[in-house]
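The file work.cif contains mmCIF, C-alpha atoms:
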data_upload
loop_
_atom_site.label_atom_id
_atom_site.label_comp_id
_atom_site.auth_asym_id
_atom_site.auth_seq_id
_atom_site.Cartn_x
_atom_site.Cartn_y
_atom_site.Cartn_z
CA MET L 1 55.04 98.71 119.18
CA LYS L 2 57.26 98.96 116.14
CA LYS L 3 60.20 101.29 116.60
CA ALA L 4 61.00 103.96 114.02
CA ILE L 5 63.53 106.75 113.66
CA VAL L 6 62.06 110.13 112.75
CA LEU L 7 64.39 112.75 111.28
CA LEU L 8 63.29 115.88 113.08
CA SER L 9 64.56 119.29 111.99
CA GLY L 10 62.32 121.63 113.94
CA GLY L 11 60.52 122.61 110.75
CA LEU L 12 56.93 122.16 109.76
CA ASP L 13 57.29 119.04 107.60
CA SER L 14 59.26 116.89 110.03
CA ALA L 15 56.98 117.84 112.94
CA THR L 16 54.06 116.63 110.83
CA ILE L 17 55.61 113.24 110.14
CA LEU L 18 56.48 112.74 113.80
CA TYR L 19 52.81 112.98 114.73
CA TYR L 20 51.86 110.94 111.67
CA ALA L 21 54.28 108.13 112.62
CA LYS L 22 52.57 107.86 116.01
CA THR L 23 49.18 107.34 114.35
CA GLN L 24 50.68 104.53 112.26
CA GLY L 25 51.53 102.42 115.31
CA PHE L 26 55.18 103.42 115.58
CA ASP L 27 57.17 104.29 118.67
CA PRO L 28 59.27 107.16 117.28
CA TYR L 29 62.86 107.99 118.25
CA CYS L 30 63.72 111.47 117.03
CA LEU L 31 67.08 112.23 115.47
CA VAL L 32 68.02 115.91 115.29
CA PHE L 33 71.12 117.22 113.51
CA ASP L 34 73.30 120.09 114.58
CA TYR L 35 75.30 120.41 111.35
CA GLY L 36 76.39 124.02 111.50
CA GLN L 37 73.19 125.39 109.95
CA ARG L 38 72.88 129.16 110.23
CA HIS L 39 69.34 128.74 111.56
CA ASN L 40 70.43 126.63 114.52
CA LYS L 41 67.41 127.98 116.32
CA GLU L 42 65.54 125.08 114.72
CA ILE L 43 67.43 122.64 116.96
CA GLU L 44 65.89 124.08 120.13
CA GLN L 45 62.48 123.98 118.47
CA ALA L 46 63.02 120.34 117.48
CA LYS L 47 63.67 119.45 121.11
CA LYS L 48 60.46 121.20 122.16
CA ILE L 49 58.48 119.37 119.48
CA ALA L 50 59.89 115.98 120.54
CA LYS L 51 59.01 116.70 124.16
CA ASN L 52 55.53 117.82 123.16
CA ALA L 53 55.08 114.51 121.33
CA LYS L 54 56.48 112.64 124.39
CA CYS L 55 59.23 111.07 122.28
CA SER L 56 62.89 110.62 123.06
CA PHE L 57 65.41 112.43 120.91
CA GLU L 58 69.09 112.34 120.12
CA VAL L 59 70.93 115.44 118.90
CA MET L 60 73.80 114.51 116.59
CA LYS L 61 76.50 117.11 116.20
CA ILE L 62 78.31 116.78 112.93
CA SER L 63 80.78 118.99 111.17
CA LEU L 64 80.96 119.68 107.45
CA PRO L 65 84.20 121.70 107.28
CA TRP L 66 84.10 121.73 103.47
CA GLN L 67 80.78 123.64 103.63
CA GLY L 68 79.74 124.31 100.01
CA SER L 69 76.39 125.88 100.96
CA ALA L 70 74.85 129.24 101.84
CA LEU L 71 73.06 127.41 104.66
CA LEU L 72 76.39 126.72 106.35
CA ASN L 73 78.48 129.72 105.35
CA LYS L 74 77.28 132.96 106.91
CA LYS L 75 79.44 134.95 104.51
CA MET L 76 77.35 133.79 101.54
CA PRO L 77 74.13 135.68 100.84
CA LEU L 78 70.87 133.81 101.41
CA PRO L 79 68.67 133.95 98.32
CA ASN L 80 65.19 135.45 98.51
CA ARG L 81 62.97 133.48 96.23
CA LYS L 82 59.41 132.44 95.84
CA LEU L 83 59.46 129.53 93.49
CA PHE L 84 61.67 126.67 92.48
CA LYS L 85 62.54 126.55 88.81
CA ALA L 86 63.14 123.11 87.33
CA ASN L 87 66.76 121.93 87.67
CA ASP L 88 67.86 125.21 89.21
CA ILE L 89 69.37 124.14 92.53
CA PRO L 90 69.69 127.08 94.92
CA SER L 91 72.80 128.00 96.93
CA THR L 92 71.13 126.71 100.11
CA TYR L 93 71.66 123.15 98.83
CA VAL L 94 73.96 121.27 101.24
CA PRO L 95 75.91 118.55 99.41
CA ALA L 96 74.67 115.11 100.48
CA ARG L 97 72.68 116.42 103.45
CA ASN L 98 69.92 113.82 103.33
CA ILE L 99 72.45 111.13 102.37
CA ILE L 100 74.32 111.92 105.61
CA PHE L 101 71.20 112.24 107.76
CA LEU L 102 69.78 108.95 106.50
CA SER L 103 73.09 107.17 107.03
CA PHE L 104 73.00 107.95 110.76
CA ALA L 105 69.29 107.18 110.92
CA VAL L 106 69.73 103.70 109.46
CA SER L 107 72.67 103.01 111.77
CA PHE L 108 70.48 104.03 114.72
CA SER L 109 67.62 101.91 113.33
CA GLU L 110 69.69 98.80 113.02
CA ALA L 111 71.26 99.19 116.46
CA ILE L 112 67.89 99.45 118.23
CA GLY L 113 65.94 97.12 115.92
CA ALA L 114 63.75 99.80 114.31
CA SER L 115 62.10 98.84 111.06
CA ALA L 116 61.64 102.25 109.46
CA VAL L 117 63.01 105.76 109.06
CA PHE L 118 60.54 108.59 108.55
CA ILE L 119 61.71 111.65 106.64
CA GLY L 120 59.60 114.71 105.83
CA ALA L 121 60.99 115.24 102.35
CA ASN L 122 58.71 116.85 99.83
CA ALA L 123 59.11 117.13 96.07
CA ILE L 124 56.24 119.49 95.28
CA ASP L 125 56.54 122.71 97.30
CA TYR L 126 60.30 122.39 97.76
CA SER L 127 63.60 124.02 96.93
CA GLY L 128 64.62 121.61 94.19
CA TYR L 129 67.18 119.69 96.22
CA PRO L 130 67.75 116.36 94.44
CA ASP L 131 67.88 114.44 97.72
CA CYS L 132 64.20 115.21 98.32
CA ARG L 133 62.90 113.36 95.27
CA PRO L 134 61.23 109.92 95.07
CA ASP L 135 63.95 108.49 92.78
CA PHE L 136 66.56 109.23 95.40
CA PHE L 137 64.69 107.45 98.18
CA LYS L 138 64.02 104.42 95.98
CA ALA L 139 67.74 104.16 95.21
CA TYR L 140 68.59 104.63 98.89
CA GLU L 141 66.36 101.73 99.94
CA LYS L 142 68.30 99.46 97.56
CA VAL L 143 71.52 100.43 99.36
CA LEU L 144 69.94 99.32 102.64
CA ALA L 145 68.96 95.98 101.15
CA LYS L 146 72.57 95.35 100.11
CA GLY L 147 74.72 97.11 102.69
CA LEU L 148 73.11 96.40 106.05
CA LYS L 149 72.90 93.22 108.12
CA SER L 150 69.12 93.68 108.31
CA GLY L 151 69.01 93.96 104.52
CA ILE L 152 70.86 90.78 103.72
CA GLN L 153 68.79 89.01 106.39
CA LYS L 154 65.74 90.03 104.34
CA LYS L 155 64.39 92.47 106.90
CA PRO L 156 65.40 95.71 105.18
CA ILE L 157 64.77 99.04 106.88
CA LYS L 158 62.11 101.08 105.07
CA ILE L 159 62.43 104.77 104.26
CA ILE L 160 58.97 106.29 104.70
CA THR L 161 58.24 109.65 103.05
CA PRO L 162 54.61 110.47 103.86
CA LEU L 163 54.79 114.02 102.43
CA ILE L 164 56.70 113.38 99.22
CA ASP L 165 53.83 114.20 96.84
CA LYS L 166 51.83 116.70 98.89
CA THR L 167 51.57 120.45 98.53
CA LYS L 168 52.53 122.57 101.52
CA ALA L 169 48.83 123.30 102.11
CA GLN L 170 48.03 119.58 102.11
CA ILE L 171 50.83 118.95 104.59
CA ILE L 172 49.53 121.64 106.93
CA ALA L 173 45.96 120.39 106.63
CA MET L 174 47.16 116.90 107.54
CA GLY L 175 49.13 118.26 110.49
CA LEU L 176 46.23 120.30 111.81
CA GLU L 177 44.15 117.10 111.92
CA LEU L 178 46.99 115.45 113.86
CA LYS L 179 47.21 118.41 116.26
CA VAL L 180 50.83 119.16 115.35
CA PRO L 181 52.05 122.12 117.48
CA TYR L 182 52.93 124.34 114.52
CA HIS L 183 53.52 127.26 116.86
CA LEU L 184 56.67 125.43 117.98
CA THR L 185 58.03 124.83 114.47
CA TRP L 186 60.68 126.99 112.85
CA SER L 187 61.40 127.21 109.11
CA CYS L 188 63.22 130.50 108.43
CA TYR L 189 66.78 130.03 107.19
CA ARG L 190 67.82 133.35 108.72
CA GLY L 191 67.00 132.15 112.24
CA GLY L 192 66.34 135.61 113.68
CA ALA L 193 63.87 136.64 116.37
CA ARG L 194 61.05 136.51 113.81
CA PRO L 195 60.82 134.71 110.44
CA CYS L 196 62.27 136.96 107.69
CA GLY L 197 59.37 136.19 105.36
CA LYS L 198 61.66 136.37 102.33
CA CYS L 199 63.88 133.29 102.20
CA GLU L 200 62.73 130.26 100.20
CA SER L 201 61.79 128.39 103.36
CA CYS L 202 59.61 131.25 104.66
CA SER L 203 58.03 131.65 101.21
CA LEU L 204 57.07 128.00 100.97
CA ARG L 205 55.65 127.99 104.49
CA GLN L 206 53.65 131.14 103.94
CA LYS L 207 52.26 129.80 100.67
CA GLY L 208 50.86 126.80 102.55
CA PHE L 209 49.06 128.80 105.23
CA ASP L 210 47.85 131.38 102.69
CA THR L 211 46.31 128.64 100.53
CA LEU L 212 44.37 127.38 103.55
CA GLY L 213 43.41 130.94 104.47
CA ILE L 214 44.72 130.67 108.01
CA VAL L 215 47.36 132.55 109.97
CA ASP L 216 50.57 130.70 110.77
CA PRO L 217 50.33 129.73 114.48
CA LEU L 218 54.01 130.60 114.87
CA LEU L 219 53.26 134.23 114.02
CA LEU L 220 50.36 134.29 116.47
CA ASN L 221 52.67 132.84 119.11
CA LEU L 222 55.27 135.56 118.52
CA ASN L 223 52.79 138.39 118.75
CA MET I 1 95.03 116.94 88.43
CA LYS I 2 91.72 115.30 89.25
CA LYS I 3 90.74 115.55 92.88
CA ALA I 4 89.64 112.47 94.82
CA ILE I 5 88.67 111.70 98.38
CA VAL I 6 90.43 108.68 99.90
CA LEU I 7 88.86 107.06 102.95
CA LEU I 8 91.89 106.42 105.13
CA SER I 9 91.59 104.27 108.25
CA GLY I 10 95.23 103.73 109.17
CA GLY I 11 94.97 100.08 108.12
CA LEU I 12 96.77 98.23 105.40
CA ASP I 13 94.06 98.34 102.72
CA SER I 14 93.30 102.05 102.80
CA ALA I 15 97.01 102.95 102.83
CA THR I 16 97.40 100.88 99.68
CA ILE I 17 94.60 102.67 97.84
CA LEU I 18 95.98 106.07 98.82
CA TYR I 19 99.24 105.29 97.03
CA TYR I 20 97.33 103.64 94.19
CA ALA I 21 95.13 106.74 93.69
CA LYS I 22 98.26 108.84 93.25
CA THR I 23 99.49 106.58 90.45
CA GLN I 24 96.13 106.99 88.69
CA GLY I 25 96.56 110.75 88.29
CA PHE I 26 94.49 111.78 91.29
CA ASP I 27 95.25 114.45 93.87
CA PRO I 28 93.99 112.67 97.01
CA TYR I 29 92.34 114.33 100.00
CA CYS I 30 92.29 111.90 102.90
CA LEU I 31 89.26 111.56 105.13
CA VAL I 32 89.86 109.85 108.48
CA PHE I 33 87.07 108.95 110.93
CA ASP I 34 87.23 109.09 114.68
CA TYR I 35 84.01 107.21 115.38
CA GLY I 36 84.68 105.84 118.84
CA GLN I 37 86.51 102.75 117.62
CA ARG I 38 88.31 100.90 120.41
CA HIS I 39 91.46 100.81 118.27
CA ASN I 40 91.67 104.59 117.98
CA LYS I 41 95.40 104.15 117.63
CA GLU I 42 94.70 103.73 113.92
CA ILE I 43 93.78 107.42 113.69
CA GLU I 44 97.30 108.53 114.61
CA GLN I 45 98.70 106.05 112.12
CA ALA I 46 96.37 107.38 109.41
CA LYS I 47 97.75 110.87 109.95
CA LYS I 48 101.31 109.58 109.62
CA ILE I 49 100.42 107.73 106.42
CA ALA I 50 98.79 110.84 104.89
CA LYS I 51 101.85 112.92 105.77
CA ASN I 52 104.13 110.27 104.31
CA ALA I 53 102.13 110.42 101.08
CA LYS I 54 102.27 114.25 101.19
CA CYS I 55 98.47 114.47 101.15
CA SER I 56 96.16 116.68 103.16
CA PHE I 57 93.77 115.03 105.56
CA GLU I 58 90.64 115.82 107.49
CA VAL I 59 89.76 113.97 110.70
CA MET I 60 85.99 113.74 111.16
CA LYS I 61 84.83 113.10 114.68
CA ILE I 62 81.46 111.43 114.75
CA SER I 63 79.48 109.84 117.52
CA LEU I 64 77.38 106.69 117.30
CA PRO I 65 75.73 106.72 120.74
CA TRP I 66 73.54 103.73 119.83
CA GLN I 67 76.71 101.62 119.34
CA GLY I 68 75.55 98.10 118.40
CA SER I 69 79.07 96.78 117.83
CA ALA I 70 81.94 95.14 119.69
CA LEU I 71 84.22 97.57 117.88
CA LEU I 72 82.60 100.48 119.72
CA ASN I 73 81.64 98.92 123.05
CA LYS I 74 84.64 97.99 125.19
CA LYS I 75 82.41 95.92 127.46
CA MET I 76 81.69 93.47 124.63
CA PRO I 77 84.27 90.74 124.00
CA LEU I 78 86.21 90.95 120.74
CA PRO I 79 85.98 87.69 118.83
CA ASN I 80 89.14 85.76 117.95
CA ARG I 81 88.61 84.16 114.59
CA LYS I 82 90.52 83.08 111.59
CA LEU I 83 87.99 82.81 108.84
CA PHE I 84 84.78 84.33 107.70
CA LYS I 85 81.89 81.91 107.30
CA ALA I 86 79.29 82.80 104.67
CA ASN I 87 76.50 85.03 106.00
CA ASP I 88 77.87 84.93 109.52
CA ILE I 89 78.39 88.60 110.36
CA PRO I 90 80.69 89.03 113.37
CA SER I 91 80.02 91.24 116.40
CA THR I 92 82.61 93.74 115.14
CA TYR I 93 80.15 94.81 112.42
CA VAL I 94 79.25 98.48 112.91
CA PRO I 95 75.74 99.23 111.56
CA ALA I 96 75.99 101.37 108.42
CA ARG I 97 79.66 102.24 108.94
CA ASN I 98 80.59 102.46 105.26
CA ILE I 99 77.22 104.07 104.48
CA ILE I 100 78.10 106.84 106.94
CA PHE I 101 81.73 107.17 105.82
CA LEU I 102 80.76 107.38 102.16
CA SER I 103 78.06 109.96 102.88
CA PHE I 104 80.64 112.38 104.29
CA ALA I 105 83.09 111.53 101.52
CA VAL I 106 80.59 112.37 98.77
CA SER I 107 79.63 115.61 100.53
CA PHE I 108 83.34 116.53 100.69
CA SER I 109 83.75 115.49 97.03
CA GLU I 110 80.93 117.63 95.80
CA ALA I 111 82.02 120.66 97.84
CA ILE I 112 85.57 120.63 96.42
CA GLY I 113 84.71 119.33 92.95
CA ALA I 114 86.31 115.90 93.32
CA SER I 115 85.18 113.27 90.85
CA ALA I 116 85.82 110.11 92.83
CA VAL I 117 85.92 108.50 96.25
CA PHE I 118 88.42 105.70 96.83
CA ILE I 119 87.59 103.08 99.44
CA GLY I 120 89.75 100.08 100.36
CA ALA I 121 86.89 97.65 100.80
CA ASN I 122 87.59 94.02 100.08
CA ALA I 123 85.16 91.14 99.67
CA ILE I 124 87.63 88.22 99.60
CA ASP I 125 89.81 88.21 102.72
CA TYR I 126 87.31 90.13 104.82
CA SER I 127 85.06 89.89 107.85
CA GLY I 128 81.81 89.43 105.96
CA TYR I 129 80.49 92.94 106.49
CA PRO I 130 77.77 93.51 103.86
CA ASP I 131 78.92 97.09 103.22
CA CYS I 132 82.19 95.77 101.76
CA ARG I 133 80.60 93.91 98.85
CA PRO I 134 80.40 94.91 95.17
CA ASP I 135 76.57 94.91 95.14
CA PHE I 136 76.53 97.52 97.89
CA PHE I 137 78.87 99.88 96.05
CA LYS I 138 76.91 99.51 92.81
CA ALA I 139 73.71 100.43 94.64
CA TYR I 140 75.46 103.34 96.35
CA GLU I 141 76.60 104.83 93.05
CA LYS I 142 72.95 104.89 91.92
CA VAL I 143 72.09 106.97 94.98
CA LEU I 144 74.76 109.47 93.96
CA ALA I 145 73.33 109.71 90.46
CA LYS I 146 69.90 110.57 91.89
CA GLY I 147 70.57 112.46 95.11
CA LEU I 148 73.46 114.80 94.38
CA LYS I 149 73.65 117.96 92.30
CA SER I 150 76.63 116.47 90.43
CA GLY I 151 74.56 113.37 89.71
CA ILE I 152 71.58 115.10 88.19
CA GLN I 153 73.98 117.29 86.21
CA LYS I 154 75.29 114.04 84.69
CA LYS I 155 78.70 114.24 86.35
CA PRO I 156 78.16 111.62 89.05
CA ILE I 157 80.86 110.96 91.63
CA LYS I 158 82.43 107.51 91.19
CA ILE I 159 83.09 105.10 94.04
CA ILE I 160 86.38 103.35 93.25
CA THR I 161 87.16 100.06 95.02
CA PRO I 162 90.53 98.91 93.66
CA LEU I 163 90.88 96.03 96.16
CA ILE I 164 87.37 94.60 96.07
CA ASP I 165 88.30 91.27 94.45
CA LYS I 166 91.88 90.82 95.65
CA THR I 167 93.24 88.47 98.30
CA LYS I 168 95.13 90.04 101.18
CA ALA I 169 98.39 88.72 99.67
CA GLN I 170 97.58 90.37 96.33
CA ILE I 171 96.82 93.66 98.09
CA ILE I 172 100.14 93.58 99.94
CA ALA I 173 102.05 92.65 96.78
CA MET I 174 100.42 95.60 95.01
CA GLY I 175 101.28 97.91 97.91
CA LEU I 176 104.91 96.79 98.06
CA GLU I 177 105.25 97.75 94.39
CA LEU I 178 103.77 101.17 95.25
CA LYS I 179 106.15 101.55 98.23
CA VAL I 180 103.32 101.81 100.75
CA PRO I 181 104.82 102.37 104.24
CA TYR I 182 103.26 99.26 105.79
CA HIS I 183 105.34 99.77 108.94
CA LEU I 184 103.07 102.76 109.65
CA THR I 185 99.79 100.88 109.20
CA TRP I 186 97.75 99.50 112.07
CA SER I 187 95.09 96.77 111.80
CA CYS I 188 94.62 95.20 115.26
CA TYR I 189 91.17 95.83 116.72
CA ARG I 190 92.58 95.67 120.25
CA GLY I 191 94.82 98.69 119.66
CA GLY I 192 97.43 97.74 122.27
CA ALA I 193 101.18 98.36 122.20
CA ARG I 194 101.61 95.42 119.82
CA PRO I 195 99.09 93.68 117.53
CA CYS I 196 97.26 90.94 119.47
CA GLY I 197 97.65 88.45 116.61
CA LYS I 198 94.28 86.90 117.44
CA CYS I 199 91.47 89.22 116.35
CA GLU I 200 89.97 88.83 112.88
CA SER I 201 91.83 91.88 111.60
CA CYS I 202 95.21 90.59 112.80
CA SER I 203 94.43 87.14 111.39
CA LEU I 204 93.62 88.49 107.94
CA ARG I 205 96.72 90.67 107.89
CA GLN I 206 98.99 87.86 109.00
CA LYS I 207 97.54 85.52 106.39
CA GLY I 208 98.52 88.01 103.68
CA PHE I 209 102.13 88.36 104.76
CA ASP I 210 102.46 84.63 105.44
CA THR I 211 101.25 83.80 101.93
CA LEU I 212 103.95 86.05 100.49
CA GLY I 213 106.53 84.55 102.86
CA ILE I 214 107.59 87.90 104.26
CA VAL I 215 107.59 89.41 107.72
CA ASP I 216 105.08 92.20 108.42
CA PRO I 217 107.10 95.47 108.36
CA LEU I 218 105.04 96.69 111.34
CA LEU I 219 106.43 93.85 113.48
CA LEU I 220 109.97 94.64 112.34
CA ASN I 221 109.36 98.28 113.22
CA LEU I 222 108.18 97.36 116.72
CA ASN I 223 111.16 95.15 117.48
#
Could you render the structure as structure tokens?
Amino acid sequence: MKKAIVLLSGGLDSATILYYAKTQGFDPYCLVFDYGQRHNKEIEQAKKIAKNAKCSFEVMKISLPWQGSALLNKKMPLPNRKLFKANDIPSTYVPARNIIFLSFAVSFSEAIGASAVFIGANAIDYSGYPDCRPDFFKAYEKVLAKGLKSGIQKKPIKIITPLIDKTKAQIIAMGLELKVPYHLTWSCYRGGARPCGKCESCSLRQKGFDTLGIVDPLLLNLN
Amino acid sequence: MKKAIVLLSGGLDSATILYYAKTQGFDPYCLVFDYGQRHNKEIEQAKKIAKNAKCSFEVMKISLPWQGSALLNKKMPLPNRKLFKANDIPSTYVPARNIIFLSFAVSFSEAIGASAVFIGANAIDYSGYPDCRPDFFKAYEKVLAKGLKSGIQKKPIKIITPLIDKTKAQIIAMGLELKVPYHLTWSCYRGGARPCGKCESCSLRQKGFDTLGIVDPLLLNLN
């Protein structure tokens, strides 16, 4: 089986791509980041999801002492918002987050001979972060062709973004087919006992389930 | 003054660019990586160099549990070699090392409003690592234009590689003009009490000083 690294956050999107990668003939190795996020509850959920999928996982602890994001700095207010407005990047943006995550993922890939990195980025129902857009991933693949041993040996690592052009409802519908354990996923940026229902991440998640007319399995699980 | 991040390893090249950045009107913030390198002695030297240059520094501790390099795995032999042969990448190559280092540097840059990252990569007297070549840095800058807030706001962070096309002798000559404290720099991959004189890093360094017909100030300092 082909090896792949799956960036797993504990959220809905990355859980979906983990199960998707398995259906595509990949043996997934999950990479989870503990980067000082205020909703560090997602890390525990990521571990549960990896175990549920019977995949190994590695938790990488990294520090971003320069912060620059409401997702890292608990003194900054978290915005409540429903919709992304074009070119308005919210305060939850973490500078270079996906650039950092991918850099470790490709290092891991090359060391174990994996041919692909799966990332659950989405550029439709998203927060407007530039490192979730197709142009970014295309540019990143060119870096891998030039800057890695595998790249100059003409076996470049692929960045696979199965959700990039899907709505949240389409992602959930895909995941339900794949039997993704959505009751184990966590999206809320506030990371409390229950999802706050107001942050951008909760809003996007709720929009997806509402569109499909079903109740979020996480909420059923909490009741 | 314009802020810049300088990737500082404790070696000869990065010390040179730190002093060079200061002459170019930049206020440098040094970023030093503790990534499990067997020659971790260079980290202490990097701190001394930053202090000598009166610059602040941040030491980032990162873990690469997948290793895949003789520079990380003390059980692997370190090669003794004089010259790089085209497309022969030595076992000291660390998968995605500069990709990882730059990813933190650009996150730091964006968080503090720095406009540039200086890196002492060199593609002439070097070990053949693909992430030290001009094509790689060009591709990386395109990622920053697409994947960072500063990039899409048309103020992309620049990657500055002042040494990319210089011989080791030219780098040292440049550094001597800038009064770089070469006696504080450390290059040897073995990281013992004295440089081994045999590893690729020692060989490249010695070639530079030999070409200029001068004795390495580090060796004078050790005597």
Translate the PyMOL selection byres ((chain L and resi 103-107) around 6) into a concrete residue list for this structure, as a list in words.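 That selection, the PyMOL selection byres ((chain L and resi 103-107) around 6), comes back as Ile100, Phe101, Leu102, Phe108, Ser109 and Glu110 of chain L; Pro95, Ala96, Ile99 and Ile100 of chain I.
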Run through the PyMOL selection byres ((chain L and resi 148) around 9) on the given coordinates and return the selected residues as a PyMOL selection string. (chain L and resi 106-107+110+143-147+149-153+156-157) or (chain I and resi 95-96+99+129-131+136)
(54.5, 104.8, 105.2) in this file's frame - what residues fall within 10 Å of it? Use only C-alpha atoms and give the answer as a PDB file with C-alpha atoms, keeping the file's coordinate frame.
ATOM      1  CA  ILE L  17      55.610 113.240 110.140  1.00  0.00           C
ATOM      2  CA  TYR L  20      51.860 110.940 111.670  1.00  0.00           C
ATOM      3  CA  ALA L  21      54.280 108.130 112.620  1.00  0.00           C
ATOM      4  CA  GLN L  24      50.680 104.530 112.260  1.00  0.00           C
ATOM      5  CA  ALA L 116      61.640 102.250 109.460  1.00  0.00           C
ATOM      6  CA  VAL L 117      63.010 105.760 109.060  1.00  0.00           C
ATOM      7  CA  PHE L 118      60.540 108.590 108.550  1.00  0.00           C
ATOM      8  CA  LYS L 158      62.110 101.080 105.070  1.00  0.00           C
ATOM      9  CA  ILE L 159      62.430 104.770 104.260  1.00  0.00           C
ATOM     10  CA  ILE L 160      58.970 106.290 104.700  1.00  0.00           C
ATOM     11  CA  THR L 161      58.240 109.650 103.050  1.00  0.00           C
ATOM     12  CA  PRO L 162      54.610 110.470 103.860  1.00  0.00           C
ATOM     13  CA  LEU L 163      54.790 114.020 102.430  1.00  0.00           C
TER      14      LEU L 163
END
For this structure, which residues satisfy the selection - the PyMOL selection byres ((chain L and resi 46-53) around 7) - when it is evaluated on the file as given? I want them as a list in words. Leu8, Ser9, Gly10, Ala15, Cys30, Glu42, Ile43, Glu44, Gln45, Lys54, Cys55, Ser56, Phe57 and Leu184 of chain L
Calculate how many Å separate atom CA of Ile124 of chain L from atom CA of Lys166 of chain L, rounding to one decimal.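 That distance, rounded to one decimal, is 6.3 Å.
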Extract, using only C-alpha atoms, all DNA, RNA and protein residues at most 12 Å from Tyr182 of chain I, discarding same-chain residues fewer than 3 positions from it, and format them as an MDAnalysis selection string. chainID I and resid 10:16 19 45:46 48:49 52 171:179 185:187 205 209 215:221
